[in-house]
Amino acid sequence: MEQEIANLLKKTLKDLDVDLKKEEIENLIEIPPDNKLGDYAFPCFSLAKKLKKNPHEIALLIKEKIFNKNFENIEVSGAYVNFFVNKKKFAENVIKKILKEKENFGKTNIRKKEKTMVEFPSPNTNKPLHLGHLRNMSIGESVSRILEFNSEKVIRTSINNNRGVHICKSMIAYKKYGKNKNPTKKSDHFVGDFYVKFNQMVKENKDYERRAQECLQKWELKDKEILDLWKKMNKWALDGFKETYKTFGIKHDKEYYESKIYKKGKEIVWEGLKKGIFEKKDDGSISINLEKEKLGEKILLRKDGTSLYIVQDIYLAKLKQEEYKISKSIYVVGNEQEYHFKVLFTILSKLGFDYKNLKHLSYGMVNLPEGKMKSREGTVIDADNLIKEVRDLVKKELISREKISKKELELRSLKIALAAIKYFLLKIDAKKDMLFNPKKSISFEGDTGPYLLYSYARASSILKKSKIKSNEINFKIKNIQESELKLIKKLSQFPEIILNSYNTLNPSLIANYSYQLSQIFNEFYHSSKVIGSENELFRLKLIKSFRIILKNSLNLLGIETLDRM
């Protein structure tokens with residue numbers, strides 16, 4: 001309806017010798033705070049200079065020239081042209097469009113030819129994935145789906161940080177305490193235990209930090225014993241990650257490994273040194289001076305010749321472009337790395353690389369009611385353990401509600417648990433830090449994933465019970481209630497929400513919309529009889545439309561629906 005108003009206004013304004021783009025007009029259209037002032041309003045302040053008239057006169061001129069059967073009335077209030085929608089016609093148009101387009105409702109072709117790479121979660125192979133990674137994966141997957149919904153070609157990727165001092169720390173602890181044992185638990189958790197153990201070892205003897213650095217030097221010199229242990233422990237970590245990705249519904253199109261590309265990064269640094277972009281310090285280390293950019297000095301190669309993490313990122317940015325000819329690259333990484341990406345993009349610019357298509361999608365930290373998580377101290381909530389904990393809570397809830405087969409319990413509990421976790425992690429703006437509470441996340445009432453699934457299942461149940469099984473799109477509305485109109489208006493906002501979410505890379509807009517939509521649906525459900533009412537066909541079409549839009553919304557959040565809770 002907003003687009004229709006924009007089309008009408010564009011034509012009318014052209015008659016008045018004002019040539020505005022449709023998008024400009026859409027940006028000006030407002031929804032009045034009180035429905036007594038109409039359903040939509042167009043302010044005329046910005047036209048005063050162009051037409052050399054006061055805004056009220058312009059509003060009157062526009063009103064005189066507009067007539068459309070989709071509006072019950074068009075009025076002028078001060079500088080505003082207020083549009084009162086023909087409610088029946090509006091309802092019919094919205095529902096018919098949703099039923100016709102289904103999962104394509106709200107899709108755009110804005111960037112049809114663009115190819116985008118989204119990098120997430122890019123873990124270190126010295127410990128299992130944790131709650132912070134779950135937020136990373138939730139954001140990365142949702143953003144990927146939002147981009148795809150707007151017709152971009154998305155390549156999901158991850159860089160496995162599988163070399164470095166942190167990896168060596170787990171290896172040293174395993175050499176001392178592992179006794180050549182194979183994993184006695186999920187393999188990445190087994191590796192992580194030794195990372196925690198190393199940090200306990202350092203508290204007793206600081207010399208272990210030096211040994212970790214020596215281990216890295218030996219690794220770069222291809223020491224056989226070190227390489228064999230590294231390969232074994234890396235495989236354990238990566239095998240564990242794959243299991244977690246599969247459970248969480250994550251699949252990468254391409255995975256990179258730091259161990260395979262870091263040398264190319266070092267070559268770029270040496271080449272940059274010759275060109276005077278980088279400088280060699282007295283101790284032999286290589287750095288770049290970014291004082292002018294207010295980023296200080298950044299060491300790239302240590303005095304012993306080993307490279308820092310940023311070095312492989314320099315080469316990887318070039319490699320991605322060479323391999324995939326991408327239009328842009330999005331790094332989903334926590335806000336503690338904001339300095340890293342400012343430095344990276346600055347270095348790439350100095351090397352002649354077009355960094356404008358690179359974006360750091362920064363997100364806040366996830367804390368627990370008990371406080372901040374710390375990997376070194378082993379106080380991190382592992383992703384697998386959290387999923388199990390939430391799933392166990394869901395199982396108790398399901399068993400308390402009805403008799404359920406073991407197979408169905410396993411299936412439903414996983415979907416509900418993942419919905420609970422993903423929704424809780426996505427409903428907060430990604431830029432903000434957040435507090436994750438497992439018990440609150442699984443509530444079947446309130447602003448939670450299970451509540452959204454329950455709303456979808458309720459809609460499915462009504463459609464299943466009705467004896468009217470018409471797939472016809474055409475229907476007529478005898479009368480329309482306020483609760484129905486409210487739901488239809490919310491459904492009509494879906495394309496705008498999607499577009500805003502796409503432009504800002506912000507899944508929380510869709511998450512919050514899904515909750516508001518479900519609330520309005522449940523208000524309608526409690527106030528309106530559906531089966532057996534004189535408006536049964538219309539209300540069934542309305543419920544079917546709600547079900548389509550909620551499913552589309554949840555899909556963009558990476559959440560699977562259930563027909564029965």
# chains A, B, ... in the order shown; residues from 1 in each chain; ligands from 1
call {"tool": "residues_around", "arguments": {"residues": "region 543-554 of chain A", "least_positions_apart": "2", "cutoff": "9 Å", "atoms": "only C-alpha atoms", "output": "count of residues only"}}
result
42
call {"tool": "closest_atom_pairs", "arguments": {"of": "region 148-237 of chain A", "to": "region 250-264 of chain A", "cutoff": "6 Å", "atoms": "only C-alpha atoms", "output": "JSON lines"}}
result
{"residue": "A:Ile155", "atom": "CA", "partner": "A:Asp253", "partner_atom": "CA", "distance": 5.9}
{"residue": "A:Arg156", "atom": "CA", "partner": "A:His252", "partner_atom": "CA", "distance": 5.0}
{"residue": "A:Thr157", "atom": "CA", "partner": "A:Lys254", "partner_atom": "CA", "distance": 4.9}
{"residue": "A:Ser158", "atom": "CA", "partner": "A:Glu255", "partner_atom": "CA", "distance": 5.0}
{"residue": "A:Ile159", "atom": "CA", "partner": "A:Tyr256", "partner_atom": "CA", "distance": 4.5}
{"residue": "A:Asn160", "atom": "CA", "partner": "A:Tyr257", "partner_atom": "CA", "distance": 4.8}
{"residue": "A:Asn161", "atom": "CA", "partner": "A:Glu258", "partner_atom": "CA", "distance": 5.3}
{"residue": "A:Asn162", "atom": "CA", "partner": "A:Glu258", "partner_atom": "CA", "distance": 5.9}
{"residue": "A:Arg163", "atom": "CA", "partner": "A:Ser259", "partner_atom": "CA", "distance": 5.8}
call {"tool": "write_last_selection", "arguments": {"atoms": "N, CA and C atoms", "output": "PDB file, in the first residue's frame"}}
result
ATOM      1  N   ILE A 155      28.633 -16.928  -0.466  1.00  0.00           N
ATOM      2  CA  ILE A 155      29.588 -18.017  -0.207  1.00  0.00           C
ATOM      3  C   ILE A 155      29.893 -17.986   1.287  1.00  0.00           C
ATOM      4  N   ARG A 156      29.491 -19.038   1.986  1.00  0.00           N
ATOM      5  CA  ARG A 156      29.762 -19.134   3.421  1.00  0.00           C
ATOM      6  C   ARG A 156      31.149 -19.738   3.615  1.00  0.00           C
ATOM      7  N   THR A 157      31.960 -19.054   4.404  1.00  0.00           N
ATOM      8  CA  THR A 157      33.316 -19.545   4.589  1.00  0.00           C
ATOM      9  C   THR A 157      33.758 -19.410   6.040  1.00  0.00           C
ATOM     10  N   SER A 158      34.837 -20.114   6.370  1.00  0.00           N
ATOM     11  CA  SER A 158      35.424 -20.016   7.703  1.00  0.00           C
ATOM     12  C   SER A 158      36.929 -20.196   7.561  1.00  0.00           C
ATOM     13  N   ILE A 159      37.685 -19.418   8.329  1.00  0.00           N
ATOM     14  CA  ILE A 159      39.137 -19.602   8.361  1.00  0.00           C
ATOM     15  C   ILE A 159      39.477 -20.301   9.668  1.00  0.00           C
ATOM     16  N   ASN A 160      40.000 -21.490   9.584  1.00  0.00           N
ATOM     17  CA  ASN A 160      40.392 -22.239  10.782  1.00  0.00           C
ATOM     18  C   ASN A 160      41.780 -21.784  11.225  1.00  0.00           C
ATOM     19  N   ASN A 161      41.820 -21.154  12.375  1.00  0.00           N
ATOM     20  CA  ASN A 161      43.087 -20.644  12.914  1.00  0.00           C
ATOM     21  C   ASN A 161      43.813 -21.795  13.608  1.00  0.00           C
ATOM     22  N   ASN A 162      44.500 -22.571  12.788  1.00  0.00           N
ATOM     23  CA  ASN A 162      45.025 -23.858  13.248  1.00  0.00           C
ATOM     24  C   ASN A 162      46.533 -23.870  13.448  1.00  0.00           C
ATOM     25  N   ARG A 163      47.145 -22.682  13.581  1.00  0.00           N
ATOM     26  CA  ARG A 163      48.574 -22.608  13.897  1.00  0.00           C
ATOM     27  C   ARG A 163      48.771 -21.409  14.827  1.00  0.00           C
TER      28      ARG A 163
END
call {"tool": "residues_around", "arguments": {"residues": "region 387-397 of chain A", "least_positions_apart": "3", "cutoff": "12 Å", "atoms": "only C-alpha atoms", "output": "PyMOL selection string"}}
result
chain A and resi 129-131+134+244-245+247-248+381-384+400-422+424+436-444+449-450+565
call {"tool": "select_by_dssp", "arguments": {"residues": "region 224-466 of chain A", "states": "helix (DSSP H, G or I)", "output": "PyMOL selection string"}}
result
chain A and resi 224-248+258-274+309-324+335-350+355-357+383-401+406-426+438-441+449-465
call {"tool": "residues_around", "arguments": {"residues": "Asn503 (chain A)", "least_positions_apart": "4", "cutoff": "10 Å", "atoms": "only C-alpha atoms", "output": "count of residues only"}}
result
5
call {"tool": "atom_distance", "arguments": {"atom1": "CA of Ala79 (chain A)", "atom2": "CA of Ile58 (chain A)"}}
result
7.7 Å
call {"tool": "select_by_dssp", "arguments": {"residues": "region 199-344 of chain A", "states": "strand (DSSP E)", "output": "MDAnalysis selection string"}}
result
chainID A and resid 254:257 279:280 286:290 296:301 328:334
call {"tool": "atom_distance", "arguments": {"atom1": "CA of Lys21 (chain A)", "atom2": "CA of Arg111 (chain A)"}}
result
19.1 Å
call {"tool": "closest_atom_pairs", "arguments": {"of": "region 414-524 of chain A", "to": "region 34-39 of chain A", "cutoff": "12 Å", "atoms": "only C-alpha atoms", "output": "JSON lines"}}
result
{"residue": "A:Glu482", "atom": "CA", "partner": "A:Asn35", "partner_atom": "CA", "distance": 11.3}
{"residue": "A:Leu485", "atom": "CA", "partner": "A:Asp39", "partner_atom": "CA", "distance": 11.1}
{"residue": "A:Lys486", "atom": "CA", "partner": "A:Asn35", "partner_atom": "CA", "distance": 11.1}
{"residue": "A:Lys489", "atom": "CA", "partner": "A:Asp39", "partner_atom": "CA", "distance": 9.5}
call {"tool": "residues_around", "arguments": {"residues": "Gly305 (chain A)", "least_positions_apart": "3", "cutoff": "9 Å", "atoms": "only C-alpha atoms", "output": "PyMOL selection string"}}
result
chain A and resi 217+284-286+301-302
call {"tool": "decode", "arguments": {"residues": "region 158-203 of chain A", "atoms": "C-alpha atoms", "output": "mmCIF file, in the first residue's frame"}}
result
data_model
loop_
_atom_site.group_PDB
_atom_site.id
_atom_site.type_symbol
_atom_site.label_atom_id
_atom_site.label_comp_id
_atom_site.auth_asym_id
_atom_site.auth_seq_id
_atom_site.Cartn_x
_atom_site.Cartn_y
_atom_site.Cartn_z
ATOM 1 C CA SER A 158 35.424 -20.016 7.703
ATOM 2 C CA ILE A 159 39.137 -19.602 8.361
ATOM 3 C CA ASN A 160 40.392 -22.239 10.782
ATOM 4 C CA ASN A 161 43.087 -20.644 12.914
ATOM 5 C CA ASN A 162 45.025 -23.858 13.248
ATOM 6 C CA ARG A 163 48.574 -22.608 13.897
ATOM 7 C CA GLY A 164 50.161 -20.289 16.400
ATOM 8 C CA VAL A 165 51.218 -20.066 20.029
ATOM 9 C CA HIS A 166 47.718 -20.840 21.338
ATOM 10 C CA ILE A 167 47.702 -24.139 19.416
ATOM 11 C CA CYS A 168 51.150 -24.993 20.768
ATOM 12 C CA LYS A 169 49.914 -24.499 24.335
ATOM 13 C CA SER A 170 47.436 -27.389 24.002
ATOM 14 C CA MET A 171 50.160 -29.500 22.392
ATOM 15 C CA ILE A 172 52.667 -28.913 25.222
ATOM 16 C CA ALA A 173 50.102 -29.856 27.864
ATOM 17 C CA TYR A 174 49.177 -33.004 25.902
ATOM 18 C CA LYS A 175 52.865 -33.993 25.598
ATOM 19 C CA LYS A 176 53.213 -33.723 29.368
ATOM 20 C CA TYR A 177 49.904 -35.264 30.485
ATOM 21 C CA GLY A 178 48.237 -36.877 27.439
ATOM 22 C CA LYS A 179 50.292 -40.082 27.448
ATOM 23 C CA ASN A 180 49.485 -40.634 23.732
ATOM 24 C CA LYS A 181 45.847 -41.323 24.599
ATOM 25 C CA ASN A 182 43.065 -40.967 22.039
ATOM 26 C CA PRO A 183 40.072 -38.782 22.949
ATOM 27 C CA THR A 184 37.975 -40.135 25.815
ATOM 28 C CA LYS A 185 35.186 -37.613 25.064
ATOM 29 C CA LYS A 186 34.069 -35.494 22.082
ATOM 30 C CA SER A 187 37.401 -34.859 20.374
ATOM 31 C CA ASP A 188 37.441 -31.021 20.402
ATOM 32 C CA HIS A 189 36.548 -31.022 24.122
ATOM 33 C CA PHE A 190 39.456 -33.404 24.699
ATOM 34 C CA VAL A 191 41.835 -30.908 23.045
ATOM 35 C CA GLY A 192 40.314 -28.007 24.989
ATOM 36 C CA ASP A 193 40.997 -29.705 28.312
ATOM 37 C CA PHE A 194 44.729 -29.506 27.570
ATOM 38 C CA TYR A 195 44.515 -25.786 26.736
ATOM 39 C CA VAL A 196 43.028 -25.186 30.182
ATOM 40 C CA LYS A 197 45.669 -27.498 31.665
ATOM 41 C CA PHE A 198 48.475 -25.466 30.050
ATOM 42 C CA ASN A 199 47.303 -22.262 31.716
ATOM 43 C CA GLN A 200 47.335 -24.083 35.059
ATOM 44 C CA MET A 201 50.893 -25.206 34.267
ATOM 45 C CA VAL A 202 52.001 -21.599 33.586
ATOM 46 C CA LYS A 203 50.784 -20.508 37.010
#
